[in-house]
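S.K.: Contents of upload15.txt (compact mmCIF, C-alpha atoms) are below:
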# COMPACT_ATOMS: atom_id res chain seq x y z
CA MET A 10 0.00 0.00 0.00
CA ARG A 11 2.84 2.40 0.85
CA LYS A 12 4.32 1.97 -2.64
CA ILE A 13 1.02 2.99 -4.20
CA THR A 14 0.49 6.07 -2.01
CA SER A 15 4.10 7.16 -2.48
CA ARG A 16 3.34 7.62 -6.19
CA LEU A 17 0.22 9.73 -5.67
CA PRO A 18 0.50 13.41 -6.62
CA MET A 19 0.69 15.86 -3.72
CA HIS A 20 -1.92 18.12 -5.31
CA LEU A 21 -4.60 15.44 -5.46
CA ASP A 22 -8.07 16.91 -4.86
CA ALA A 23 -8.60 17.16 -1.08
CA LYS A 24 -12.05 15.55 -1.20
CA ILE A 25 -10.77 12.50 -3.08
CA ALA A 26 -7.64 12.20 -0.95
CA ALA A 27 -9.67 12.45 2.28
CA GLU A 28 -11.85 9.54 1.26
CA PHE A 29 -9.28 7.19 -0.21
CA VAL A 30 -5.82 7.94 1.24
CA PHE A 31 -5.15 6.67 4.76
CA ASP A 32 -1.36 6.42 4.71
CA GLU A 33 0.14 8.89 7.22
CA ASN A 34 3.37 9.03 5.18
CA TYR A 35 1.44 10.53 2.26
CA TRP A 36 -0.12 13.18 4.54
CA LYS A 37 3.24 13.95 6.15
CA LYS A 38 4.86 14.47 2.76
CA ARG A 39 1.93 16.59 1.56
CA CYS A 40 2.06 18.79 4.67
CA GLN A 41 5.80 19.25 4.40
CA GLU A 42 5.56 20.21 0.73
CA GLN A 43 2.52 22.50 0.95
CA LEU A 44 2.81 24.15 4.36
CA PRO A 45 5.52 26.37 5.82
CA GLN A 46 7.78 24.45 8.22
CA ARG A 47 6.54 26.44 11.24
CA ASP A 48 2.96 25.21 10.57
CA CYS A 49 3.87 21.50 10.62
CA GLN A 50 3.42 21.04 14.37
CA ILE A 51 1.70 17.67 14.52
CA ASN A 52 1.37 17.83 18.32
CA GLU A 53 -1.21 20.62 17.92
CA HIS A 54 -3.35 18.55 15.56
CA GLY A 55 -4.17 15.26 17.27
CA LEU A 56 -0.80 13.73 16.38
CA THR A 57 -1.96 12.84 12.85
CA TRP A 58 -0.69 14.37 9.64
CA LYS A 59 -4.07 13.99 7.98
CA GLN A 60 -5.76 16.05 10.70
CA LEU A 61 -3.00 18.66 10.48
CA PHE A 62 -3.47 18.91 6.72
CA PHE A 63 -7.25 19.33 6.83
CA GLU A 64 -7.28 21.77 9.75
CA ARG A 65 -4.70 23.94 7.95
CA HIS A 66 -6.48 23.52 4.60
CA LEU A 67 -9.77 24.72 6.04
CA ARG A 68 -8.01 27.55 7.87
CA THR A 69 -6.45 28.69 4.59
CA CYS A 70 -9.84 28.60 2.86
CA PHE A 71 -11.33 30.70 5.67
CA GLU A 72 -8.51 33.23 5.55
CA GLU A 73 -8.67 33.56 1.76
CA PHE A 74 -12.47 33.96 1.76
CA GLU A 75 -13.68 37.41 0.80
CA SER A 76 -17.42 37.99 0.74
CA SER A 77 -18.87 40.30 -1.83
CA LYS A 78 -20.61 43.47 -0.80
CA SER A 79 -23.96 41.73 -1.38
CA GLU A 80 -23.01 39.39 1.49
CA GLU A 81 -23.57 35.95 0.04
CA SER A 82 -24.06 33.27 2.69
CA SER A 83 -20.76 31.49 1.95
CA ALA A 84 -18.61 30.83 -1.05
CA PRO A 85 -19.01 27.39 -2.63
CA GLY A 86 -15.24 26.81 -2.23
CA LEU A 87 -15.43 27.32 1.52
CA LEU A 88 -18.41 24.99 1.86
CA SER A 89 -16.67 22.38 -0.30
CA ALA A 90 -13.53 22.59 1.86
CA ALA A 91 -15.61 22.16 5.02
CA SER A 92 -17.41 19.19 3.49
CA SER A 93 -14.22 17.41 2.43
CA SER A 94 -12.53 17.94 5.79
CA GLN A 95 -15.51 17.28 8.05
CA ASP A 96 -14.17 14.08 9.62
CA TYR A 97 -10.71 15.49 10.35
CA VAL A 98 -11.26 19.00 11.78
CA PHE A 99 -11.37 19.18 15.57
CA THR A 100 -9.83 22.63 16.01
CA LEU A 101 -10.18 25.61 13.73
CA LYS A 102 -8.12 28.73 14.42
CA THR A 103 -8.01 31.66 12.03
CA GLN A 104 -5.56 34.52 12.33
CA GLU A 105 -7.15 36.73 9.71
CA LEU A 106 -10.72 36.78 8.41
CA ARG A 107 -11.53 39.33 5.74
CA GLY A 108 -15.07 38.38 4.89
CA HIS A 109 -18.20 37.41 6.74
CA PRO A 110 -18.90 33.76 5.89
CA ASP A 111 -21.94 32.00 7.27
CA ILE A 112 -20.20 30.44 10.28
CA GLU A 113 -23.31 28.52 11.36
CA SER A 114 -23.66 26.57 8.11
CA ILE A 115 -19.95 25.76 8.11
CA CYS A 116 -19.93 24.63 11.75
CA LYS A 117 -22.91 22.35 11.06
CA MET A 118 -20.74 20.55 8.50
CA LEU A 119 -18.01 19.90 11.08
CA PRO A 120 -19.40 17.36 13.57
CA ASN A 121 -16.04 16.88 15.36
CA LEU A 122 -15.31 20.59 15.84
CA ALA A 123 -14.46 21.06 19.51
CA ARG A 124 -12.58 24.37 19.43
CA LEU A 125 -13.14 27.45 17.29
CA GLU A 126 -11.02 30.60 17.38
CA ILE A 127 -11.79 33.34 14.87
CA THR A 128 -9.93 36.62 14.56
CA TYR A 129 -11.82 39.09 12.40
CA GLY A 130 -9.48 41.54 10.74
CA VAL A 131 -6.91 42.01 8.03
CA LYS A 132 -3.15 42.06 8.44
CA ARG A 133 -1.08 44.56 6.47
CA ILE A 134 -4.12 46.35 5.05
CA GLY A 135 -2.37 49.58 4.06
CA MET A 136 -4.53 51.96 2.04
CA LYS A 137 -7.20 49.35 1.25
CA TYR A 138 -9.09 49.99 4.50
CA ASP A 139 -12.80 49.23 4.32
CA ARG A 140 -14.88 49.43 7.49
CA MET A 141 -16.96 46.44 6.39
CA LEU A 142 -13.88 44.19 6.70
CA PHE A 143 -14.01 44.44 10.48
CA GLY A 144 -16.51 43.18 13.01
CA MET A 145 -19.12 40.54 12.72
CA LYS A 146 -22.84 40.24 12.41
CA VAL A 147 -24.63 38.08 14.96
CA CYS A 148 -28.06 36.76 14.01
CA VAL A 149 -30.18 35.12 16.66
Render the structure in this file as structure tokens.
M.R.:
Amino acid sequence: MRKITSRLPMHLDAKIAAEFVFDENYWKKRCQEQLPQRDCQINEHGLTWKQLFFERHLRTCFEEFESSKSEESSAPGLLSAASSSQDYVFTLKTQELRGHPDIESICKMLPNLARLEITYGVKRIGMKYDRMLFGMKVCV
């Protein structure tokens, strides 16, 4: 099995890889190739490379999400990332959130989510300041 997974491409679609690739060596290699070295701290992600990959993948999708001014509920890419990583995300920490995704619908897709830390804001914004980038809307 290890010989087969060692030949798989590292940019395999996350949804397909989540379902069919169980070899931790594949996930270790993928994390080391796609993430900065400082982010490969397996001890913060349940001691599995697969969990580390999917928690960081979803974090990246969150941090790259930018809602339009019409405030769509959530981008299809963000919902797809949450769906593909649903079994492997236990902790989600964002350091920068530019848009206002529908957090409720995303959290419903993550049954194992035990810890959620969201920082609304934008780093190194410069002259592109827009008041709508900051804060959050709470609907009850």
S.K.: Skipping near chain neighbours, those fewer than 2 positions away, what residues fall within 8 Å of A:Asn121 using only C-alpha atoms, listed as a VMD selection string?
M.R.: chain A and resid 95 to 99 119 123
S.K.: Measuring atom to atom with all atoms listed in the file, identify which of A:Leu122, A:Pro45, A:Glu28, A:Lys37 is nearest to A:Trp58.
M.R.: A:Lys37
S.K.: One decimal, in Å: what's the spacing between atom CA of A:Leu87 and atom CA of A:Glu73?
M.R.: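 So the answer is 9.2 Å.
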S.K.: Between atom CA of A:Arg107 and atom CA of A:Glu75, what is the spacing in Å?
M.R.: 5.7 Å
S.K.: What is the atom CA of A:Arg11 to atom CA of A:Trp36 distance in Å?
M.R.: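 Separating atom CA of A:Arg11 from atom CA of A:Trp36 is a distance of 11.8 Å.
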S.K.: Using all atoms listed in the file, pick whichever of A:Leu88, A:Arg65, A:Phe74, A:Ser15 has the shortest atom-to-atom distance to A:Glu53.
M.R.: A:Arg65
S.K.: Nearest to A:Ala26 among A:Lys38, A:Lys12, A:Lys59, A:Arg47, with distances taken over all atoms listed in the file: which residue is it?
M.R.: A:Lys59
S.K.: Which is closest to A:Arg124 among A:Glu64, A:Gly108, A:Asn52, A:Ala91, if we use all atoms listed in the file?
M.R.: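 Among the listed residues, the smallest separation from A:Arg124 belongs to A:Glu64.
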S.K.: As number ranges by chain, please: the residues near A:Cys70 (cut-off 12 Å, only C-alpha atoms, same-chain neighbours under 6 positions excluded).
M.R.: A: 63-64, 83-91, 94, 101-108, 110, 115
S.K.: Determine, counting only C-alpha atoms, every residue of protein, DNA or RNA that lies within 8 Å of (-16.1, 28.9, 13.1) in the file coordinates, then give the result as a list in words.
M.R.: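 Counting only C-alpha atoms, I find these residues within 8 Å of (-16.1, 28.9, 13.1): Leu101, Ile112, Glu113, Ile115, Cys116, Leu125, Glu126 and Ile127 of chain A.
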S.K.: For A:Gly130, which residue out of A:Ser92, A:Phe31, A:Arg68, A:His109 is the nearest one, using only C-alpha atoms?
M.R.: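 Going through A:Ser92, A:Phe31, A:Arg68, A:His109 one by one, the smallest distance to A:Gly130 is for A:His109.
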